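With CSV, C-alpha atoms and all ligand atoms inside, this is run39.csv:
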```csv
chain,number,residue,atom,x,y,z
A,1,ILE,CA,-5.4,40.1,-12.5
A,2,GLU,CA,-8.7,40.5,-14.4
A,3,GLU,CA,-11.9,39.5,-12.7
A,4,SER,CA,-12.6,36.6,-15.1
A,5,GLU,CA,-9.1,35.3,-14.6
A,6,LYS,CA,-9.4,35.4,-10.8
A,7,PHE,CA,-12.7,33.5,-11.1
A,8,ARG,CA,-11.0,30.9,-13.3
A,9,ILE,CA,-8.2,30.3,-10.8
A,10,GLU,CA,-10.6,30.2,-7.8
A,11,TYR,CA,-12.8,27.8,-9.7
A,12,TRP,CA,-9.9,25.6,-10.6
A,13,GLU,CA,-8.7,25.5,-7.0
A,14,LEU,CA,-12.2,24.5,-6.0
A,15,GLU,CA,-12.2,21.7,-8.5
A,16,GLU,CA,-8.8,20.5,-7.4
A,17,ALA,CA,-10.0,20.5,-3.8
A,18,LYS,CA,-12.9,18.4,-4.8
A,19,LEU,CA,-10.6,15.9,-6.5
A,20,ARG,CA,-8.5,15.6,-3.4
A,21,ARG,CA,-11.6,14.9,-1.4
A,22,MET,CA,-12.8,12.2,-3.8
A,23,PRO,CA,-12.9,8.9,-2.0
A,24,ALA,CA,-11.4,5.8,-3.7
A,25,PRO,CA,-13.7,2.8,-3.9
A,26,LYS,CA,-13.2,0.6,-0.8
A,27,PRO,CA,-12.7,-3.2,-0.9
A,28,LEU,CA,-15.9,-5.2,-0.5
A,29,ALA,CA,-14.8,-6.7,2.8
A,30,THR,CA,-15.2,-3.2,4.4
A,31,ARG,CA,-18.5,-2.4,2.8
A,32,ILE,CA,-22.2,-2.5,3.7
A,33,ALA,CA,-24.6,-3.4,1.0
A,34,LEU,CA,-28.3,-3.2,0.7
A,35,VAL,CA,-29.9,-5.4,-2.1
A,36,THR,CA,-33.6,-5.0,-2.9
A,37,GLY,CA,-35.4,-8.1,-4.0
A,38,ALA,CA,-32.7,-10.2,-2.4
A,39,GLY,CA,-35.1,-12.9,-1.2
A,40,SER,CA,-35.1,-14.7,-4.6
A,41,GLY,CA,-33.3,-15.3,-7.9
A,42,ILE,CA,-30.8,-12.8,-9.1
A,43,GLY,CA,-31.0,-10.6,-5.9
A,44,LYS,CA,-30.3,-13.6,-3.7
A,45,ALA,CA,-27.3,-14.5,-5.8
A,46,ILE,CA,-26.0,-10.9,-5.5
A,47,ALA,CA,-26.4,-10.9,-1.8
A,48,ARG,CA,-24.6,-14.3,-1.5
A,49,ARG,CA,-21.7,-13.0,-3.7
A,50,LEU,CA,-21.3,-9.7,-1.8
A,51,ALA,CA,-21.4,-11.6,1.5
A,52,ALA,CA,-18.9,-14.1,0.3
A,53,GLU,CA,-16.6,-11.2,-0.5
A,54,GLY,CA,-16.9,-10.0,3.1
A,55,ALA,CA,-19.5,-7.3,2.8
A,56,CYS,CA,-22.3,-6.9,5.4
A,57,VAL,CA,-25.6,-7.3,3.6
A,58,VAL,CA,-29.1,-5.9,4.2
A,59,VAL,CA,-31.4,-8.4,2.5
A,60,ALA,CA,-34.4,-6.2,1.5
A,61,ASP,CA,-37.5,-7.8,0.0
A,62,LEU,CA,-41.3,-7.5,0.0
A,63,ASP,CA,-41.3,-11.1,1.0
A,64,GLY,CA,-39.9,-10.8,4.5
A,65,GLU,CA,-39.9,-14.6,5.1
A,66,LYS,CA,-37.7,-15.3,2.1
A,67,ALA,CA,-35.4,-12.3,3.1
A,68,GLY,CA,-35.1,-13.8,6.6
A,69,GLU,CA,-34.0,-17.1,5.2
A,70,VAL,CA,-31.3,-15.5,3.0
A,71,ALA,CA,-30.0,-13.4,5.9
A,72,GLU,CA,-29.8,-16.5,8.0
A,73,GLU,CA,-27.9,-18.4,5.3
A,74,LEU,CA,-25.5,-15.5,5.0
A,75,GLY,CA,-24.5,-15.8,8.7
A,76,GLY,CA,-27.1,-14.0,10.8
A,77,PRO,CA,-27.2,-10.6,12.5
A,78,ASP,CA,-23.4,-10.0,12.5
A,79,ARG,CA,-23.2,-10.4,8.7
A,80,ALA,CA,-26.6,-10.0,7.3
A,81,VAL,CA,-30.0,-8.6,8.3
A,82,ALA,CA,-33.4,-9.0,6.6
A,83,VAL,CA,-35.8,-6.1,6.1
A,84,THR,CA,-39.3,-6.3,4.8
A,85,VAL,CA,-39.7,-3.5,2.4
A,86,ASP,CA,-42.0,-2.5,-0.4
A,87,VAL,CA,-40.0,-0.3,-2.8
A,88,THR,CA,-43.1,1.6,-3.7
A,89,SER,CA,-43.2,3.1,-0.2
A,90,GLU,CA,-41.0,6.0,0.7
A,91,GLU,CA,-41.5,5.4,4.4
A,92,GLN,CA,-40.5,1.7,4.2
A,93,ILE,CA,-37.4,2.5,2.1
A,94,ALA,CA,-36.4,5.1,4.7
A,95,GLU,CA,-36.9,2.5,7.4
A,96,ALA,CA,-34.8,-0.1,5.5
A,97,PHE,CA,-31.9,2.3,5.3
A,98,LYS,CA,-32.3,3.2,9.0
A,99,ALA,CA,-32.2,-0.5,9.8
A,100,ALA,CA,-29.0,-0.8,7.8
A,101,VAL,CA,-27.4,2.1,9.7
A,102,LEU,CA,-28.5,0.7,13.0
A,103,ALA,CA,-27.2,-2.8,12.2
A,104,PHE,CA,-23.9,-2.0,10.5
A,105,GLY,CA,-23.3,1.8,10.8
A,106,GLY,CA,-24.0,2.9,7.2
A,107,VAL,CA,-24.7,1.8,3.6
A,108,ASP,CA,-22.2,2.3,0.8
A,109,LEU,CA,-23.4,-0.2,-1.9
A,110,VAL,CA,-27.0,-0.4,-3.1
A,111,VAL,CA,-28.4,-2.7,-5.7
A,112,ASN,CA,-31.8,-1.9,-7.3
A,113,ASN,CA,-32.9,-5.4,-8.2
A,114,ALA,CA,-36.5,-5.8,-6.9
A,115,GLY,CA,-39.0,-6.3,-9.7
A,116,ILE,CA,-42.0,-7.9,-11.3
A,117,SER,CA,-42.8,-8.5,-14.9
A,118,ILE,CA,-46.1,-7.6,-16.5
A,119,SER,CA,-45.8,-9.0,-19.9
A,120,LYS,CA,-48.9,-8.5,-22.1
A,121,PRO,CA,-49.7,-7.3,-25.6
A,122,LEU,CA,-50.3,-3.5,-25.9
A,123,LEU,CA,-54.1,-3.8,-26.3
A,124,GLU,CA,-54.4,-6.0,-23.1
A,125,THR,CA,-52.1,-3.8,-21.0
A,126,THR,CA,-54.2,-1.7,-18.6
A,127,ALA,CA,-53.4,1.6,-17.0
A,128,ARG,CA,-53.2,-0.3,-13.7
A,129,ASP,CA,-50.7,-2.7,-15.2
A,130,TRP,CA,-48.6,0.2,-16.4
A,131,ASP,CA,-48.7,2.0,-13.0
A,132,LEU,CA,-47.9,-1.1,-11.0
A,133,GLN,CA,-45.0,-2.1,-13.2
A,134,HIS,CA,-43.6,1.5,-13.2
A,135,SER,CA,-44.2,2.0,-9.4
A,136,ILE,CA,-42.0,-0.9,-8.6
A,137,MET,CA,-39.2,-0.6,-11.1
A,138,ALA,CA,-39.0,3.0,-12.3
A,139,ARG,CA,-40.4,4.8,-9.3
A,140,GLY,CA,-39.1,2.2,-6.7
A,141,SER,CA,-35.6,2.3,-7.9
A,142,PHE,CA,-35.7,6.1,-8.1
A,143,LEU,CA,-36.8,6.2,-4.5
A,144,VAL,CA,-34.2,3.7,-3.3
A,145,SER,CA,-31.4,5.6,-5.2
A,146,ARG,CA,-32.5,8.9,-3.7
A,147,GLU,CA,-32.3,7.4,-0.2
A,148,ALA,CA,-29.0,5.8,-1.0
A,149,ALA,CA,-27.6,9.1,-2.2
A,150,ARG,CA,-28.8,10.9,1.0
A,151,VAL,CA,-27.1,8.4,3.2
A,152,MET,CA,-23.9,8.2,1.1
A,153,ALA,CA,-23.6,12.0,0.8
A,154,ALA,CA,-24.0,12.3,4.6
A,155,GLN,CA,-21.3,9.6,5.1
A,156,GLY,CA,-19.0,11.5,2.6
A,157,MET,CA,-17.2,8.3,1.5
A,158,GLY,CA,-18.7,7.8,-1.9
A,159,GLY,CA,-20.4,4.6,-2.8
A,160,ASP,CA,-21.9,2.4,-5.5
A,161,ILE,CA,-25.5,2.2,-6.8
A,162,VAL,CA,-26.1,-0.7,-9.3
A,163,TYR,CA,-29.3,-1.2,-11.3
A,164,ILE,CA,-30.3,-4.6,-12.5
A,165,ALA,CA,-31.9,-3.4,-15.7
A,166,SER,CA,-32.3,-5.7,-18.6
A,167,LYS,CA,-31.5,-6.4,-22.3
A,168,ASN,CA,-35.1,-5.2,-22.6
A,169,ALA,CA,-34.0,-1.7,-21.6
A,170,VAL,CA,-32.4,-1.5,-25.0
A,171,PHE,CA,-33.9,-4.0,-27.3
A,172,ALA,CA,-37.6,-4.5,-28.1
A,173,GLY,CA,-39.6,-7.7,-28.1
A,174,PRO,CA,-43.3,-8.4,-28.5
A,175,ASN,CA,-45.8,-8.1,-25.6
A,176,ASN,CA,-43.4,-6.2,-23.4
A,177,ILE,CA,-44.6,-2.6,-23.4
A,178,ALA,CA,-44.9,-2.1,-19.6
A,179,TYR,CA,-41.8,-4.1,-18.6
A,180,GLY,CA,-39.6,-2.9,-21.5
A,181,ALA,CA,-40.5,0.8,-20.9
A,182,THR,CA,-39.8,0.6,-17.2
A,183,LYS,CA,-36.4,-1.1,-17.8
A,184,ALA,CA,-35.5,1.7,-20.3
A,185,ASP,CA,-36.4,4.2,-17.5
A,186,GLN,CA,-34.1,2.5,-15.1
A,187,ALA,CA,-31.3,2.4,-17.7
A,188,HIS,CA,-31.5,6.2,-18.1
A,189,GLN,CA,-31.6,6.7,-14.3
A,190,VAL,CA,-28.2,5.1,-14.3
A,191,ARG,CA,-26.8,7.8,-16.7
A,192,LEU,CA,-28.7,10.6,-15.0
A,193,LEU,CA,-27.5,9.7,-11.5
A,194,ALA,CA,-24.0,8.9,-12.7
A,195,ALA,CA,-23.9,12.5,-14.0
A,196,GLU,CA,-25.3,14.0,-10.8
A,197,LEU,CA,-23.6,12.0,-8.1
A,198,GLY,CA,-20.1,11.5,-9.7
A,199,GLU,CA,-18.6,14.5,-7.8
A,200,LEU,CA,-19.6,12.8,-4.5
A,201,GLY,CA,-17.6,9.7,-5.5
A,202,ILE,CA,-20.9,7.8,-6.0
A,203,ARG,CA,-20.7,5.6,-9.0
A,204,VAL,CA,-23.9,4.4,-10.7
A,205,ASN,CA,-23.8,1.5,-13.1
A,206,GLY,CA,-26.2,-1.0,-14.6
A,207,VAL,CA,-26.3,-4.7,-15.4
A,208,ASN,CA,-28.4,-5.9,-18.3
A,209,PRO,CA,-29.2,-9.6,-17.9
A,210,ASP,CA,-31.2,-11.8,-20.3
A,211,GLY,CA,-32.7,-15.2,-20.1
A,212,VAL,CA,-32.0,-16.0,-16.4
A,213,VAL,CA,-34.7,-18.7,-16.2
A,214,ARG,CA,-33.4,-20.9,-13.4
A,215,GLY,CA,-34.1,-19.6,-9.9
A,216,SER,CA,-36.1,-16.6,-11.2
A,217,GLY,CA,-39.4,-16.1,-9.5
A,218,ILE,CA,-40.4,-13.8,-12.4
A,219,PHE,CA,-40.0,-16.7,-14.9
A,220,ALA,CA,-41.8,-19.1,-12.6
A,221,SER,CA,-44.8,-16.9,-12.1
A,222,GLY,CA,-46.1,-16.3,-15.6
A,223,TRP,CA,-43.3,-14.6,-17.5
A,224,GLY,CA,-41.8,-18.0,-18.4
A,225,ALA,CA,-45.1,-19.4,-19.8
A,226,GLN,CA,-45.7,-16.1,-21.7
A,227,ARG,CA,-42.2,-16.1,-23.2
A,228,ALA,CA,-42.5,-19.8,-24.1
A,229,ALA,CA,-45.7,-19.0,-26.0
A,230,VAL,CA,-44.1,-16.1,-27.8
A,231,TYR,CA,-41.2,-18.2,-28.9
A,232,GLY,CA,-43.2,-21.3,-29.5
A,233,VAL,CA,-41.1,-23.6,-27.2
A,234,PRO,CA,-42.3,-25.7,-24.3
A,235,GLU,CA,-41.8,-23.9,-21.0
A,236,GLU,CA,-39.5,-26.5,-19.5
A,237,LYS,CA,-37.2,-26.0,-22.5
A,238,LEU,CA,-37.0,-22.3,-22.1
A,239,GLY,CA,-33.6,-22.3,-20.4
A,240,GLU,CA,-32.2,-24.3,-23.3
A,241,PHE,CA,-33.9,-22.2,-25.9
A,242,TYR,CA,-32.4,-19.0,-24.4
A,243,ALA,CA,-28.9,-20.7,-24.3
A,244,GLN,CA,-29.1,-21.7,-27.9
A,245,ARG,CA,-29.9,-18.2,-29.1
A,246,THR,CA,-26.8,-16.8,-27.4
A,247,LEU,CA,-23.5,-16.3,-29.1
A,248,LEU,CA,-21.8,-18.4,-26.4
A,249,LYS,CA,-24.5,-21.1,-26.4
A,250,ARG,CA,-24.6,-20.8,-22.6
A,251,GLU,CA,-27.4,-20.5,-20.1
A,252,VAL,CA,-27.2,-17.4,-18.0
A,253,LEU,CA,-27.6,-18.1,-14.3
A,254,PRO,CA,-28.2,-15.7,-11.4
A,255,GLU,CA,-24.6,-16.2,-10.3
A,256,HIS,CA,-23.4,-14.7,-13.6
A,257,VAL,CA,-25.3,-11.5,-12.9
A,258,ALA,CA,-23.8,-11.4,-9.4
A,259,ASN,CA,-20.3,-11.7,-10.9
A,260,ALA,CA,-21.0,-8.5,-12.9
A,261,VAL,CA,-22.1,-6.7,-9.7
A,262,PHE,CA,-18.9,-7.8,-8.1
A,263,ALA,CA,-16.8,-6.7,-11.0
A,264,LEU,CA,-18.5,-3.2,-11.0
A,265,THR,CA,-18.2,-2.7,-7.2
A,266,GLY,CA,-15.2,-4.7,-6.1
A,267,GLY,CA,-12.7,-2.0,-7.0
A,268,ASP,CA,-11.2,-3.0,-10.4
A,269,LEU,CA,-13.6,-0.9,-12.3
A,270,SER,CA,-13.0,2.1,-10.0
A,271,HIS,CA,-13.1,4.6,-12.9
A,272,THR,CA,-16.3,3.4,-14.4
A,273,THR,CA,-19.6,5.1,-14.0
A,274,GLY,CA,-22.8,5.4,-16.1
A,275,LEU,CA,-22.1,2.0,-17.8
A,276,HIS,CA,-24.3,-1.0,-18.5
A,277,VAL,CA,-22.7,-4.4,-18.5
A,278,PRO,CA,-24.7,-7.0,-20.5
A,279,VAL,CA,-24.9,-10.4,-18.9
A,280,ASP,CA,-26.6,-12.3,-21.7
A,281,ALA,CA,-24.0,-14.6,-23.2
A,282,GLY,CA,-24.0,-12.3,-26.2
A,283,VAL,CA,-27.6,-11.9,-27.2
A,284,ALA,CA,-27.5,-8.1,-27.4
A,285,ALA,CA,-24.2,-8.1,-29.4
A,286,ALA,CA,-25.5,-9.6,-32.6
A,287,PHE,CA,-28.7,-10.3,-34.5
A,288,LEU,CA,-29.4,-14.0,-34.6
A,289,ARG,CA,-32.3,-15.6,-36.4
A,301,LIG,P1,-37.4,-12.9,-8.8
A,301,LIG,O1,-38.9,-12.9,-8.8
A,301,LIG,O2,-36.8,-14.2,-8.4
A,301,LIG,O3,-36.9,-11.8,-7.8
A,301,LIG,C1,-37.5,-10.5,-7.6
A,301,LIG,C2,-37.6,-10.2,-6.1
A,301,LIG,O4,-38.2,-8.9,-6.0
A,301,LIG,C3,-38.6,-11.1,-5.4
A,301,LIG,O5,-37.9,-11.7,-4.2
A,301,LIG,C4,-39.8,-10.2,-5.0
A,301,LIG,O6,-40.3,-10.6,-3.7
A,301,LIG,C5,-39.1,-8.9,-4.9
A,301,LIG,N1,-40.1,-7.8,-5.1
A,301,LIG,C6,-41.1,-7.7,-6.0
A,301,LIG,N2,-41.8,-6.6,-5.8
A,301,LIG,C7,-41.2,-5.9,-4.8
A,301,LIG,C8,-41.5,-4.7,-4.1
A,301,LIG,N3,-42.5,-3.9,-4.4
A,301,LIG,N4,-40.6,-4.3,-3.1
A,301,LIG,C9,-39.6,-5.1,-2.8
A,301,LIG,N5,-39.3,-6.3,-3.3
A,301,LIG,C10,-40.1,-6.7,-4.3
A,301,LIG,O7,-37.0,-12.4,-10.2
A,301,LIG,P2,-35.5,-12.3,-10.9
A,301,LIG,O8,-35.6,-12.9,-12.2
A,301,LIG,O9,-34.4,-12.6,-9.9
A,301,LIG,O10,-35.5,-10.7,-11.2
A,301,LIG,C11,-34.7,-9.8,-10.4
A,301,LIG,C12,-34.4,-8.5,-11.3
A,301,LIG,O11,-33.7,-8.9,-12.4
A,301,LIG,C13,-35.7,-7.8,-11.7
A,301,LIG,O12,-35.5,-6.4,-11.7
A,301,LIG,C14,-35.8,-8.3,-13.2
A,301,LIG,O13,-36.5,-7.4,-14.0
A,301,LIG,C15,-34.3,-8.3,-13.6
A,301,LIG,N6,-34.1,-9.1,-14.8
A,301,LIG,C16,-34.3,-10.5,-14.8
A,301,LIG,C17,-34.0,-11.2,-15.9
A,301,LIG,C18,-34.2,-12.7,-16.0
A,301,LIG,O14,-33.9,-13.2,-17.0
A,301,LIG,N7,-34.6,-13.3,-14.9
A,301,LIG,C19,-33.5,-10.5,-17.1
A,301,LIG,C20,-33.3,-9.2,-17.0
A,301,LIG,C21,-33.6,-8.5,-15.9
```
Structure re-expressed in structure tokens:
Amino acid sequence: IEESEKFRIEYWELEEAKLRRMPAPKPLATRIALVTGAGSGIGKAIARRLAAEGACVVVADLDGEKAGEVAEELGGPDRAVAVTVDVTSEEQIAEAFKAAVLAFGGVDLVVNNAGISISKPLLETTARDWDLQHSIMARGSFLVSREAARVMAAQGMGGDIVYIASKNAVFAGPNNIAYGATKADQAHQVRLLAAELGELGIRVNGVNPDGVVRGSGIFASGWGAQRAAVYGVPEEKLGEFYAQRTLLKREVLPEHVANAVFALTGGDLSHTTGLHVPVDAGVAAAFLR
């Protein structure tokens, strides 16, 4: 046997062994999830849905009080624990994962959802705005995913990482340079990490919501007023406006985003990684006036 042929065979055997080791996704009832930004809006809906499917949930949020309320609602210490975490801090992220391991014995599903929205015209966007926006979304989700990968690799059982990115990761709108750019960063993290972590059985996917007005702290704290001004509609009509511009003429609610996280992690999409699922009632699918 020639040297190159020997290498090819050995390499192939190695690859086969890897495939045999590849863990299949586990049902949600056996899983331990950590959701960032789970004290409010979309993250809260995701935590609720994963808990309803039987997962133990670590409710991680900068706002510890809100996180505590959600953990309580989900059944208390046996089912859900709250951790106060700022995703810009490596130390606090490490502590949050440690808390998850102490409470439930591990982590095999992580959702990068925490976020803020700095939505200003280019000429009004300061370097500080840019840094703050990116430190929470781009850098924060990178740090959370890195810790998730460390824990999941050590467990050797695969896992799921989901990014709540945005329609704005792909499509451009006015006054959105900092937020849009950081969402595009998150979207590419999905592909990069899917490529790197696939052989460990860790799947990395994204969800791209749009127009989730009801229940969203981001919309309530300035983004809504800003968007209403951009589109020339009263703020209280924003939900309706978003619904009207969709193909389905439906308003997107936090629960619809949670449904997509369930679809991606619940087992049926076991052979999907590196994908972004739009949850926007069709806005990204067609150009509408
Ligand atoms: P939200 O304000 O209701 O929830 C965001 C949560 O993140 C809050 O609980 C907040 O305390 C937490 N958070 C903020 N900074 C943090 C930090 N440094 N560390 C830890 N937690 C922090 O807003 P939402 O609308 O539910 O948004 C959730 C995610 O969905 C965000 O990433 C947002 O960009 C994304 N998203 C929302 C929409 C929408 O229409 N609402 C559309 C696309 C994407």
Counting all atoms listed in the file, the option among A:Gly106, A:Glu235, A:Met137, A:Gly282 closest to Ser221 in chain A: A:Glu235
Among the residues A:Val257, A:Gly198, A:Ser119, A:Gly37, the one that comes closest to Ala67 in chain A [using only C-alpha atoms]: A:Gly37
Contacts of ligand LIG 301 (chain A), 8 Å or closer, all atoms listed in the file, given as an MDAnalysis selection string: chainID A and resid 36:44 60:63 66:67 84:88 112:117 135:137 140 164:168 179 183 208:221 252 254
Quick one: write out the picked residues with C-alpha atoms as a PDB file, keeping the file's coordinate frame?
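Listed below is the output, result_15.pdb:
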```
ATOM      1  CA  THR A  36     -33.600  -5.000  -2.900  1.00  0.00           C
ATOM      2  CA  GLY A  37     -35.400  -8.100  -4.000  1.00  0.00           C
ATOM      3  CA  ALA A  38     -32.700 -10.200  -2.400  1.00  0.00           C
ATOM      4  CA  GLY A  39     -35.100 -12.900  -1.200  1.00  0.00           C
ATOM      5  CA  SER A  40     -35.100 -14.700  -4.600  1.00  0.00           C
ATOM      6  CA  GLY A  41     -33.300 -15.300  -7.900  1.00  0.00           C
ATOM      7  CA  ILE A  42     -30.800 -12.800  -9.100  1.00  0.00           C
ATOM      8  CA  GLY A  43     -31.000 -10.600  -5.900  1.00  0.00           C
ATOM      9  CA  LYS A  44     -30.300 -13.600  -3.700  1.00  0.00           C
ATOM     10  CA  ALA A  60     -34.400  -6.200   1.500  1.00  0.00           C
ATOM     11  CA  ASP A  61     -37.500  -7.800   0.000  1.00  0.00           C
ATOM     12  CA  LEU A  62     -41.300  -7.500   0.000  1.00  0.00           C
ATOM     13  CA  ASP A  63     -41.300 -11.100   1.000  1.00  0.00           C
ATOM     14  CA  LYS A  66     -37.700 -15.300   2.100  1.00  0.00           C
ATOM     15  CA  ALA A  67     -35.400 -12.300   3.100  1.00  0.00           C
ATOM     16  CA  THR A  84     -39.300  -6.300   4.800  1.00  0.00           C
ATOM     17  CA  VAL A  85     -39.700  -3.500   2.400  1.00  0.00           C
ATOM     18  CA  ASP A  86     -42.000  -2.500  -0.400  1.00  0.00           C
ATOM     19  CA  VAL A  87     -40.000  -0.300  -2.800  1.00  0.00           C
ATOM     20  CA  THR A  88     -43.100   1.600  -3.700  1.00  0.00           C
ATOM     21  CA  ASN A 112     -31.800  -1.900  -7.300  1.00  0.00           C
ATOM     22  CA  ASN A 113     -32.900  -5.400  -8.200  1.00  0.00           C
ATOM     23  CA  ALA A 114     -36.500  -5.800  -6.900  1.00  0.00           C
ATOM     24  CA  GLY A 115     -39.000  -6.300  -9.700  1.00  0.00           C
ATOM     25  CA  ILE A 116     -42.000  -7.900 -11.300  1.00  0.00           C
ATOM     26  CA  SER A 117     -42.800  -8.500 -14.900  1.00  0.00           C
ATOM     27  CA  SER A 135     -44.200   2.000  -9.400  1.00  0.00           C
ATOM     28  CA  ILE A 136     -42.000  -0.900  -8.600  1.00  0.00           C
ATOM     29  CA  MET A 137     -39.200  -0.600 -11.100  1.00  0.00           C
ATOM     30  CA  GLY A 140     -39.100   2.200  -6.700  1.00  0.00           C
ATOM     31  CA  ILE A 164     -30.300  -4.600 -12.500  1.00  0.00           C
ATOM     32  CA  ALA A 165     -31.900  -3.400 -15.700  1.00  0.00           C
ATOM     33  CA  SER A 166     -32.300  -5.700 -18.600  1.00  0.00           C
ATOM     34  CA  LYS A 167     -31.500  -6.400 -22.300  1.00  0.00           C
ATOM     35  CA  ASN A 168     -35.100  -5.200 -22.600  1.00  0.00           C
ATOM     36  CA  TYR A 179     -41.800  -4.100 -18.600  1.00  0.00           C
ATOM     37  CA  LYS A 183     -36.400  -1.100 -17.800  1.00  0.00           C
ATOM     38  CA  ASN A 208     -28.400  -5.900 -18.300  1.00  0.00           C
ATOM     39  CA  PRO A 209     -29.200  -9.600 -17.900  1.00  0.00           C
ATOM     40  CA  ASP A 210     -31.200 -11.800 -20.300  1.00  0.00           C
ATOM     41  CA  GLY A 211     -32.700 -15.200 -20.100  1.00  0.00           C
ATOM     42  CA  VAL A 212     -32.000 -16.000 -16.400  1.00  0.00           C
ATOM     43  CA  VAL A 213     -34.700 -18.700 -16.200  1.00  0.00           C
ATOM     44  CA  ARG A 214     -33.400 -20.900 -13.400  1.00  0.00           C
ATOM     45  CA  GLY A 215     -34.100 -19.600  -9.900  1.00  0.00           C
ATOM     46  CA  SER A 216     -36.100 -16.600 -11.200  1.00  0.00           C
ATOM     47  CA  GLY A 217     -39.400 -16.100  -9.500  1.00  0.00           C
ATOM     48  CA  ILE A 218     -40.400 -13.800 -12.400  1.00  0.00           C
ATOM     49  CA  PHE A 219     -40.000 -16.700 -14.900  1.00  0.00           C
ATOM     50  CA  ALA A 220     -41.800 -19.100 -12.600  1.00  0.00           C
ATOM     51  CA  SER A 221     -44.800 -16.900 -12.100  1.00  0.00           C
ATOM     52  CA  VAL A 252     -27.200 -17.400 -18.000  1.00  0.00           C
ATOM     53  CA  PRO A 254     -28.200 -15.700 -11.400  1.00  0.00           C
TER      54      PRO A 254
END
```
Shell of 7 Å around Asp160 in chain A, only C-alpha atoms, local chain residues under 3 positions omitted, as a PyMOL selection string: chain A and resi 108-110+202-204+265
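With distances taken from (-17.0, 5.8, 1.3) and restricted to all atoms listed in the file, the residues inside 10 Å are Met22, Pro23, Ala24, Pro25, Lys26, Thr30, Arg31, Gly106, Val107, Asp108, Leu109, Met152, Ala153, Gln155, Gly156, Met157, Gly158, Gly159, Asp160, Leu200, Gly201 and Ile202 of chain A.
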Counting all atoms listed in the file, the option among A:Leu264, A:Gln92, A:Pro121, A:Arg191 closest to Leu143 in chain A: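 Among the listed residues, the smallest separation from Leu143 in chain A belongs to A:Gln92.
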Shortest interatomic distance to Glu72 in chain A - which of A:Ala127, A:Leu132, A:Val57, A:Leu247, counting only C-alpha atoms: A:Val57
Sel. within 12 Å of pt (-50.4, 0.4, -17.2), counting all atoms listed in the file, output as a list in words: Ser117, Ile118, Ser119, Lys120, Pro121, Leu122, Leu123, Glu124, Thr125, Thr126, Ala127, Arg128, Asp129, Trp130, Asp131, Leu132, Gln133, His134, Ser135, Asn176, Ile177, Ala178, Tyr179, Ala181 and Thr182 of chain A
Where's the centre, and what are the edge lengths in Å to one decimal, of a box along x, y and z enclosing all listed atoms of range 235-250 of chain A padded 6 Å per side, as AutoDock Vina command-line options?
```
--center_x -31.8 --center_y -21.4 --center_z -24.3 --size_x 32.0 --size_y 22.2 --size_z 21.6
```
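Computed from the coordinates, the CA of Ala96 in chain A to CA of Leu269 in chain A distance equals 27.7 Å.
The shortest atom-to-atom distance to Ala47 in chain A, with all atoms listed in the file taken into account, belongs to A:Asn259 out of A:Asn259, A:Phe241, A:Pro174, A:Thr246.
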Gap from CA of Gly274 in chain A to CA of Ala194 in chain A - Å, one decimal: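 Atom-to-atom, CA of Gly274 in chain A and CA of Ala194 in chain A are spaced 5.0 Å apart.
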Show me, as a compact mmCIF listing (two decimals) with C-alpha atoms, keeping the file's coordinate frame, the residues that have an atom within 8 Å of Gly68 in chain A when counting only C-alpha atoms, minus same-chain residues fewer than 4 positions from it.
```txt
# COMPACT_ATOMS: atom_id res chain seq x y z
CA GLY A 39 -35.10 -12.90 -1.20
CA VAL A 59 -31.40 -8.40 2.50
CA GLY A 64 -39.90 -10.80 4.50
CA GLU A 72 -29.80 -16.50 8.00
CA VAL A 81 -30.00 -8.60 8.30
CA ALA A 82 -33.40 -9.00 6.60
CA VAL A 83 -35.80 -6.10 6.10
```
Can I get C-alpha atoms for range 255-279 of chain A, as an mmCIF file, in the first residue's frame?
```
data_model
loop_
_atom_site.group_PDB
_atom_site.id
_atom_site.type_symbol
_atom_site.label_atom_id
_atom_site.label_comp_id
_atom_site.auth_asym_id
_atom_site.auth_seq_id
_atom_site.Cartn_x
_atom_site.Cartn_y
_atom_site.Cartn_z
ATOM 1 C CA GLU A 255 -44.573 33.268 20.991
ATOM 2 C CA HIS A 256 -44.089 32.907 17.230
ATOM 3 C CA VAL A 257 -40.345 33.416 17.650
ATOM 4 C CA ALA A 258 -40.363 30.856 20.473
ATOM 5 C CA ASN A 259 -42.104 28.390 18.135
ATOM 6 C CA ALA A 260 -39.173 28.674 15.727
ATOM 7 C CA VAL A 261 -36.657 28.026 18.518
ATOM 8 C CA PHE A 262 -38.656 24.937 19.449
ATOM 9 C CA ALA A 263 -38.733 23.770 15.807
ATOM 10 C CA LEU A 264 -34.954 24.178 15.525
ATOM 11 C CA THR A 265 -34.073 22.488 18.797
ATOM 12 C CA GLY A 266 -36.891 20.030 19.437
ATOM 13 C CA GLY A 267 -35.462 17.271 17.264
ATOM 14 C CA ASP A 268 -37.374 17.458 13.986
ATOM 15 C CA LEU A 269 -34.701 19.624 12.357
ATOM 16 C CA SER A 270 -31.915 17.366 13.626
ATOM 17 C CA HIS A 271 -29.941 17.686 10.369
ATOM 18 C CA THR A 272 -30.111 21.448 10.091
ATOM 19 C CA THR A 273 -27.259 23.733 11.064
ATOM 20 C CA GLY A 274 -26.118 27.172 9.911
ATOM 21 C CA LEU A 275 -29.677 28.145 8.964
ATOM 22 C CA HIS A 276 -31.682 31.297 9.661
ATOM 23 C CA VAL A 277 -35.438 30.950 9.993
ATOM 24 C CA PRO A 278 -37.385 34.141 9.281
ATOM 25 C CA VAL A 279 -40.281 34.787 11.671
#
```
